[in-house]
Structure formats: structure tokens, C-alpha cells
Amino acid sequence: MTLLLGSVALLASLAWLAGVAWFLRFFRPPAHEVPGSVTLLLAVTGRTEGLPPLFAALARQTLRPRRMLVAVEAEADPAYAQVRALEHLLPFPVEIVVAGLDDTRSQKATNMIAALARVDARDDALVLLDADILPQDHWLSWLATPAMNGAADVVTGYRWHALDGAGLARHVVAWLDRSLALGPRFLASGLVWGGSVAISRDALARMDLAGALANTFSTDGAISRRARALGLRVLTRRAVLLPTPPEGGDREAIAFKTRQLQIVHVYVPSLWVWLGLALHAEALALPVALLGLAGDAVALGFLAAVSGVGLLRAVLHDRVTRAVGIREGALARAVQLAVGALAPVTAPAVVALFWTSARTRVIRWRHVEYEVRGPEDVRVLRRHLPGTAA
């Protein structure tokens, strides 16, 4: 029994390690960057701490956008006043679109639909972004180039958590999220992350994004489904990892990851199952550790191997962190090393986090609670004041 449990746990850990090594092997700046006309689309609600640094980062982009469409639900939303106060920081125009309310889809989808009505054929690409990212100066060029030069129809990146000042729960969330960012691409083939996605002009004309978002909860899920249905070329650009600073405490971190996993459960249930199997396999390190503490020498050997692999994963994660331009403090780096080395404890904690996404019927996103009965069967249950976090 010890041999079986230890072998499965170690193989699962090695699989995650192989993903990191493969990522680093092919992680390099894109060889080509092209000029072009790009419109940004940002759907936002509430007053966001990360908005001032985001606007400053957008002002430094090597590829200057033509304009940015910012979609809010109402002028009373604190986001409206905040954008008005910050728009002078940008060297390109900002157009604020007031979307209003709709109870048959997420508020983010409603905001995006309203902004999409302002999109025209003058752009080579449309770029969607989230308010909690802190993009590097080359982000827009790296993301949009394949969509503008015909190499892909849809281009997406992924977030990379910055952890200075983060609590323990956020460190565990980041451990899982970083592993997913570096994991095998075939498991998430064709999926887009709406926090950073470029859509070519031709693809945008074919997709009818407003129709795709008409009854959805997750804009990411709806865009992914529409792209797959049309057979569009979706490129996950490995070099586009977006620093994402902490927003809120541990409670907010858990709520964030629960919602992300719930979205996967609703929109790509097969991926949710495969992820669950991989995480449970690694969590077998806990019974192995208990056997080792009871005096099983073989279990102690497996325990040392799993912990060593976890520590090496943390070291390689740190290399990626520095490669994407994040300089974390010694404390944040030390905590991540400890999270990796304590894999027999970390892995079961991640499994517990995974199971918070088993129920998907009611999901809260920002200040709105939704009943989600399917990818295109959504209704608003109740609304709180804009800016109220989940």
C-alpha cells in the first residue's frame, strides 16, 4: 500500500514539475512585433486599488492603443468617477460606456455588450483586459501581434500572482494558480483568459461577441465556446504572463479561486474532473506522511522525494516570477518555498480549495449573486451596492 500511495503522489508531483521545466525551456520573448491599431476594452465595477497603477502601465505601452472603452453599469458606480479622475494619465482617448442592468447574464457580460456596440472596423485587433493586472511595457504588443499579423485569431495570456503582503491562503491560491499557468497546454487547449485576450478584426466579425455573451455568466467561458464552435485558431502566448497584485485578504483570495474553479466546472466540466484527479493524486502525500511518522521507512523515502520535488517547483516558480518582471521580497519568496517543501500539507489544502467549487448553482461575482444553471442559463438573484466584494 505504501508503495502504491507513494508512487502515485510522487508521479503527480513530477508531472507538475515537468510542466514548469517545459515552460522555462520555451519561455522567451516573441521574435516579432508589428504596429497596428488596437482598441482596449475594460469592464470594471467599484473603486479598484489597482486602477491607478494599471493606467500608468497602459501609458507606458510600446504599442500605443488607439483608445480604451471602459464599461460600467451606472454613473453611480464608483468606477465611473475613478476612471474620470484617472483618464488624464493616458496618452490616448478613454470612452466610458454606461451599460445599465440585465438580469439574464453577468453584469460583466452586460458591460461588455454595451462597449462592443462602440467597436468599429478601424482596428486591427480588440484587446480585452481586467482591472487587476499590472502589465509590462511590452504586454500589448506581444499579445496583439499574432492577431494582427494573421498568426492567430484569438491570443490569450494568463495571470501571475504577485505575493508581497499576501496572507497564507493567498499563497496557497497562488501555488495552485501558478501550477495551472505552467501546466500542460493540451488540457486547457482553446481556453481563453479574459483578463488578457486579443481578437483579430476578422475573427471579431465572425464571432458576434454580443450574441455569445447574451446569456452567459462567464465572459471567458463564452468566448472560448464561441471560438471552438467556429474553429478559430486560439493561441496561448506563453510569454504573456501578467503580474497580478493582491487585492483584498485571504477571504477574497479563496472566493476568487472558488469562483474561477466554478467557472471551469460549468463551462469545461471535463477539465474540472481531470484537474481534480491530478490534485487528489498529489494529495496522497498526506497519508504517505502519516505512514512515515508511524515509522514506515519506505514512506519516509517517498515523503522526502515529494517534498524535494515541491521545493524544486517553488524554486522554478520563483525563476518565472523574476522572468516576468516581478521582484518579490524575501518573505514572500520564503513562504512560497515553504509551501512547496510542505507538499504533504499543501496538496490536501489545495484539494479542499478545489472542492469549494463542487457546487455551482449560486455564484457571487463582485456585488451580484447569480443562479447559474448552465453555461447559457443565468439569472440575477440579488444585487448589492457596486464595489462590494465577494
# chains A, B, ... in the order shown; residues from 1 in each chain; ligands from 1

call {"tool": "residues_around", "arguments": {"residues": "A:Ala12", "least_positions_apart": "2", "cutoff": "7 Å", "atoms": "only C-alpha atoms", "output": "compact mmCIF listing (two decimals) with N, CA and C atoms, in the first residue's frame"}}
result
# COMPACT_ATOMS: atom_id res chain seq x y z
N VAL A 8 2.09 7.09 -6.65
CA VAL A 8 1.09 7.97 -7.28
C VAL A 8 1.35 9.42 -6.90
N ALA A 9 1.60 9.67 -5.61
CA ALA A 9 1.84 11.05 -5.16
C ALA A 9 3.09 11.62 -5.81
N LEU A 10 4.15 10.82 -5.89
CA LEU A 10 5.40 11.30 -6.47
C LEU A 10 5.25 11.55 -7.97
N LEU A 14 5.84 15.03 -9.91
CA LEU A 14 6.79 15.12 -11.02
C LEU A 14 6.13 15.65 -12.28
N ALA A 15 4.84 15.32 -12.47
CA ALA A 15 4.13 15.83 -13.65
C ALA A 15 4.03 17.36 -13.60
N TRP A 16 3.70 17.92 -12.43
CA TRP A 16 3.66 19.38 -12.29
C TRP A 16 5.05 19.98 -12.51
N ALA A 278 -5.81 15.00 -10.80
CA ALA A 278 -4.39 15.34 -10.62
C ALA A 278 -4.12 15.85 -9.21
N ALA A 281 -4.40 13.01 -6.65
CA ALA A 281 -3.24 12.11 -6.73
C ALA A 281 -2.08 12.68 -5.92
N GLU A 282 -1.83 13.97 -6.07
CA GLU A 282 -0.73 14.58 -5.32
C GLU A 282 -1.03 14.62 -3.83

call {"tool": "select_by_dssp", "arguments": {"residues": "stretch 164-291 of chain A", "states": "strand (DSSP E)", "output": "mmCIF file with C-alpha atoms, in the first residue's frame"}}
result
data_model
loop_
_atom_site.group_PDB
_atom_site.id
_atom_site.type_symbol
_atom_site.label_atom_id
_atom_site.label_comp_id
_atom_site.auth_asym_id
_atom_site.auth_seq_id
_atom_site.Cartn_x
_atom_site.Cartn_y
_atom_site.Cartn_z
ATOM 1 C CA SER A 196 -5.719 39.464 -21.353
ATOM 2 C CA VAL A 197 -7.055 38.464 -24.767
ATOM 3 C CA ALA A 198 -6.619 39.879 -28.265
ATOM 4 C CA ILE A 199 -9.123 39.171 -31.045
ATOM 5 C CA SER A 200 -8.281 39.869 -34.672
ATOM 6 C CA VAL A 234 -6.591 30.200 -30.314
ATOM 7 C CA LEU A 235 -3.009 30.871 -29.239
ATOM 8 C CA THR A 236 -1.928 30.816 -25.605
ATOM 9 C CA ARG A 237 1.157 33.034 -25.694
ATOM 10 C CA ARG A 238 3.438 31.640 -23.025
ATOM 11 C CA ALA A 239 5.486 34.830 -22.747
ATOM 12 C CA VAL A 240 2.382 36.834 -21.782
ATOM 13 C CA LEU A 241 2.135 36.266 -18.031
ATOM 14 C CA LEU A 242 0.543 39.265 -16.332
ATOM 15 C CA PRO A 243 1.642 40.330 -12.843
ATOM 16 C CA THR A 244 -1.486 40.412 -10.671
#

call {"tool": "atom_distance", "arguments": {"atom1": "atom CA of A:Glu252", "atom2": "atom CA of A:Ala169"}}
result
9.5 Å

call {"tool": "select_by_dssp", "arguments": {"residues": "stretch 59-172 of chain A", "states": "alpha helix (DSSP H)", "output": "PyMOL selection string"}}
result
chain A and resi 59+78-86+107-116+139-148+168-172

call {"tool": "closest_residue", "arguments": {"among": "A:Leu58, A:Ile223, A:Leu11, A:Val44", "to": "A:Pro78", "atoms": "only C-alpha atoms"}}
result
A:Val44

call {"tool": "residues_around", "arguments": {"residues": "A:Gly183", "least_positions_apart": "6", "cutoff": "10 Å", "atoms": "only C-alpha atoms", "output": "CSV table (one decimal) with C-alpha atoms, in the first residue's frame"}}
result
chain,number,residue,atom,x,y,z
A,15,ALA,CA,4.1,15.8,-13.7
A,16,TRP,CA,3.7,19.4,-12.3
A,17,LEU,CA,7.4,19.8,-12.2
A,18,ALA,CA,7.7,18.7,-15.8
A,19,GLY,CA,5.2,21.4,-16.8
A,20,VAL,CA,7.4,24.1,-15.1
A,21,ALA,CA,10.6,22.8,-16.7
A,22,TRP,CA,8.9,22.6,-20.1
A,23,PHE,CA,7.6,26.2,-19.7
A,177,ASP,CA,-2.7,29.1,-9.9

call {"tool": "atom_distance", "arguments": {"atom1": "atom CA of A:Ala166", "atom2": "atom CA of A:Val339"}}
result
13.3 Å

call {"tool": "residues_around", "arguments": {"residues": "A:Lys108", "least_positions_apart": "6", "cutoff": "9 Å", "atoms": "only C-alpha atoms", "output": "number ranges by chain"}}
result
A: 43-45, 71-73, 217-219

call {"tool": "write_last_selection", "arguments": {"atoms": "N, CA, C and O atoms", "output": "mmCIF file, in the first residue's frame"}}
result
data_model
loop_
_atom_site.group_PDB
_atom_site.id
_atom_site.type_symbol
_atom_site.label_atom_id
_atom_site.label_comp_id
_atom_site.auth_asym_id
_atom_site.auth_seq_id
_atom_site.Cartn_x
_atom_site.Cartn_y
_atom_site.Cartn_z
ATOM 1 N N ALA A 43 -14.000 46.233 -18.673
ATOM 2 C CA ALA A 43 -15.246 46.242 -17.900
ATOM 3 C C ALA A 43 -14.865 46.282 -16.428
ATOM 4 O O ALA A 43 -14.080 45.444 -15.959
ATOM 5 N N VAL A 44 -15.409 47.256 -15.687
ATOM 6 C CA VAL A 44 -14.960 47.445 -14.316
ATOM 7 C C VAL A 44 -16.131 47.859 -13.444
ATOM 8 O O VAL A 44 -17.103 48.470 -13.924
ATOM 9 N N THR A 45 -16.027 47.521 -12.150
ATOM 10 C CA THR A 45 -17.038 47.967 -11.194
ATOM 11 C C THR A 45 -16.366 48.242 -9.864
ATOM 12 O O THR A 45 -15.351 47.636 -9.521
ATOM 13 N N ALA A 71 -16.314 50.113 -19.636
ATOM 14 C CA ALA A 71 -17.745 49.850 -19.459
ATOM 15 C C ALA A 71 -18.082 49.706 -17.981
ATOM 16 O O ALA A 71 -17.457 48.916 -17.266
ATOM 17 N N VAL A 72 -19.052 50.486 -17.522
ATOM 18 C CA VAL A 72 -19.539 50.424 -16.137
ATOM 19 C C VAL A 72 -21.056 50.237 -16.178
ATOM 20 O O VAL A 72 -21.703 50.493 -17.192
ATOM 21 N N GLU A 73 -21.619 49.829 -15.047
ATOM 22 C CA GLU A 73 -23.058 49.561 -15.061
ATOM 23 C C GLU A 73 -23.896 50.831 -14.879
ATOM 24 O O GLU A 73 -25.035 50.891 -15.346
ATOM 25 N N PHE A 217 -22.736 33.616 -17.900
ATOM 26 C CA PHE A 217 -22.176 34.080 -16.638
ATOM 27 C C PHE A 217 -20.716 34.469 -16.825
ATOM 28 O O PHE A 217 -20.290 35.548 -16.455
ATOM 29 N N SER A 218 -19.935 33.583 -17.436
ATOM 30 C CA SER A 218 -18.510 33.824 -17.628
ATOM 31 C C SER A 218 -18.231 34.312 -19.041
ATOM 32 O O SER A 218 -18.482 33.586 -20.009
ATOM 33 N N THR A 219 -17.695 35.501 -19.162
ATOM 34 C CA THR A 219 -17.323 36.003 -20.488
ATOM 35 C C THR A 219 -16.185 35.168 -21.076
ATOM 36 O O THR A 219 -16.162 34.901 -22.273
#

call {"tool": "residues_around", "arguments": {"residues": "A:Val154", "least_positions_apart": "4", "cutoff": "12 Å", "atoms": "only C-alpha atoms", "output": "JSON, numbers by chain"}}
result
{"A": [125, 126, 127, 128, 143, 144, 145, 146, 147, 148, 149, 150, 190, 191, 192, 193, 194, 196, 197, 198, 199, 200, 201, 202, 203, 204, 206, 207, 223, 224, 226, 227, 228, 230, 231, 232, 233, 234, 235, 236, 237]}

call {"tool": "residues_around", "arguments": {"residues": "A:Leu290", "least_positions_apart": "6", "cutoff": "12 Å", "atoms": "only C-alpha atoms", "output": "PDB file with N, CA, C and O atoms, in the first residue's frame"}}
result
ATOM      1  N   THR A   2       1.912   1.243   0.828  1.00  0.00           N
ATOM      2  CA  THR A   2       2.807   2.407   0.880  1.00  0.00           C
ATOM      3  C   THR A   2       3.423   2.685  -0.480  1.00  0.00           C
ATOM      4  O   THR A   2       3.507   3.839  -0.928  1.00  0.00           O
ATOM      5  N   LEU A   5       0.677   4.246  -2.834  1.00  0.00           N
ATOM      6  CA  LEU A   5       0.354   5.625  -2.480  1.00  0.00           C
ATOM      7  C   LEU A   5       1.527   6.568  -2.780  1.00  0.00           C
ATOM      8  O   LEU A   5       1.362   7.645  -3.358  1.00  0.00           O
ATOM      9  N   GLY A   6       2.723   6.139  -2.376  1.00  0.00           N
ATOM     10  CA  GLY A   6       3.892   6.986  -2.593  1.00  0.00           C
ATOM     11  C   GLY A   6       4.209   7.188  -4.061  1.00  0.00           C
ATOM     12  O   GLY A   6       4.565   8.296  -4.480  1.00  0.00           O
ATOM     13  N   LEU A 284      -2.232  12.435  -2.046  1.00  0.00           N
ATOM     14  CA  LEU A 284      -1.921  11.164  -1.394  1.00  0.00           C
ATOM     15  C   LEU A 284      -0.617  11.250  -0.607  1.00  0.00           C
ATOM     16  O   LEU A 284      -0.292  10.339   0.164  1.00  0.00           O
ATOM     17  N   ASP A 296       7.242   3.941   9.040  1.00  0.00           N
ATOM     18  CA  ASP A 296       7.415   3.234   7.767  1.00  0.00           C
ATOM     19  C   ASP A 296       8.581   3.884   7.008  1.00  0.00           C
ATOM     20  O   ASP A 296       8.480   5.022   6.550  1.00  0.00           O
ATOM     21  N   ALA A 297       9.693   3.153   6.851  1.00  0.00           N
ATOM     22  CA  ALA A 297      10.887   3.708   6.213  1.00  0.00           C
ATOM     23  C   ALA A 297      10.651   4.017   4.740  1.00  0.00           C
ATOM     24  O   ALA A 297      11.155   5.019   4.215  1.00  0.00           O
ATOM     25  N   VAL A 298       9.893   3.176   4.042  1.00  0.00           N
ATOM     26  CA  VAL A 298       9.598   3.422   2.629  1.00  0.00           C
ATOM     27  C   VAL A 298       8.789   4.708   2.478  1.00  0.00           C
ATOM     28  O   VAL A 298       9.046   5.524   1.580  1.00  0.00           O
ATOM     29  N   ALA A 299       7.821   4.892   3.359  1.00  0.00           N
ATOM     30  CA  ALA A 299       7.005   6.107   3.323  1.00  0.00           C
ATOM     31  C   ALA A 299       7.868   7.337   3.563  1.00  0.00           C
ATOM     32  O   ALA A 299       7.680   8.383   2.927  1.00  0.00           O
ATOM     33  N   LEU A 300       8.828   7.240   4.466  1.00  0.00           N
ATOM     34  CA  LEU A 300       9.714   8.374   4.717  1.00  0.00           C
ATOM     35  C   LEU A 300      10.526   8.727   3.469  1.00  0.00           C
ATOM     36  O   LEU A 300      10.764   9.908   3.178  1.00  0.00           O
ATOM     37  N   PHE A 302       9.549   8.241   0.301  1.00  0.00           N
ATOM     38  CA  PHE A 302       8.639   8.922  -0.616  1.00  0.00           C
ATOM     39  C   PHE A 302       8.342  10.340  -0.135  1.00  0.00           C
ATOM     40  O   PHE A 302       8.244  11.277  -0.936  1.00  0.00           O
ATOM     41  N   LEU A 303       8.195  10.503   1.182  1.00  0.00           N
ATOM     42  CA  LEU A 303       7.918  11.825   1.744  1.00  0.00           C
ATOM     43  C   LEU A 303       9.049  12.796   1.421  1.00  0.00           C
ATOM     44  O   LEU A 303       8.803  13.939   0.999  1.00  0.00           O
ATOM     45  N   PRO A 344       3.080  17.640   1.411  1.00  0.00           N
ATOM     46  CA  PRO A 344       2.081  16.762   2.027  1.00  0.00           C
ATOM     47  C   PRO A 344       0.969  17.513   2.756  1.00  0.00           C
ATOM     48  O   PRO A 344      -0.099  16.954   3.008  1.00  0.00           O
ATOM     49  N   VAL A 345       1.214  18.775   3.099  1.00  0.00           N
ATOM     50  CA  VAL A 345       0.181  19.610   3.718  1.00  0.00           C
ATOM     51  C   VAL A 345      -0.473  20.507   2.670  1.00  0.00           C
ATOM     52  O   VAL A 345      -1.697  20.679   2.645  1.00  0.00           O
TER      53      VAL A 345
END

call {"tool": "closest_residue", "arguments": {"among": "A:Asp318, A:Pro375, A:Ala74, A:Asp130", "to": "A:Ala222", "atoms": "only C-alpha atoms"}}
result
A:Pro375

call {"tool": "residues_around", "arguments": {"residues": "A:Ser357", "least_positions_apart": "5", "cutoff": "6 Å", "atoms": "only C-alpha atoms", "output": "MDAnalysis selection string"}}
result
chainID A and resid 258 261:262

call {"tool": "closest_residue", "arguments": {"among": "A:Val83, A:Leu54, A:Ala314, A:Ala121", "to": "A:Ser37", "atoms": "only C-alpha atoms"}}
result
A:Ala121

call {"tool": "closest_residue", "arguments": {"among": "A:Asn215, A:Gln61, A:Leu86, A:Pro91", "to": "A:Ile113", "atoms": "only C-alpha atoms"}}
result
A:Asn215

call {"tool": "closest_residue", "arguments": {"among": "A:Asp220, A:Asp124, A:Asp164, A:Glu371", "to": "A:Val335", "atoms": "only C-alpha atoms"}}
result
A:Asp164

call {"tool": "atom_distance", "arguments": {"atom1": "atom CA of A:Gly165", "atom2": "atom CA of A:Tyr80"}}
result
28.1 Å

call {"tool": "closest_residue", "arguments": {"among": "A:Ala79, A:Ala85, A:Val368, A:Ala162", "to": "A:Arg178", "atoms": "only C-alpha atoms"}}
result
A:Ala162
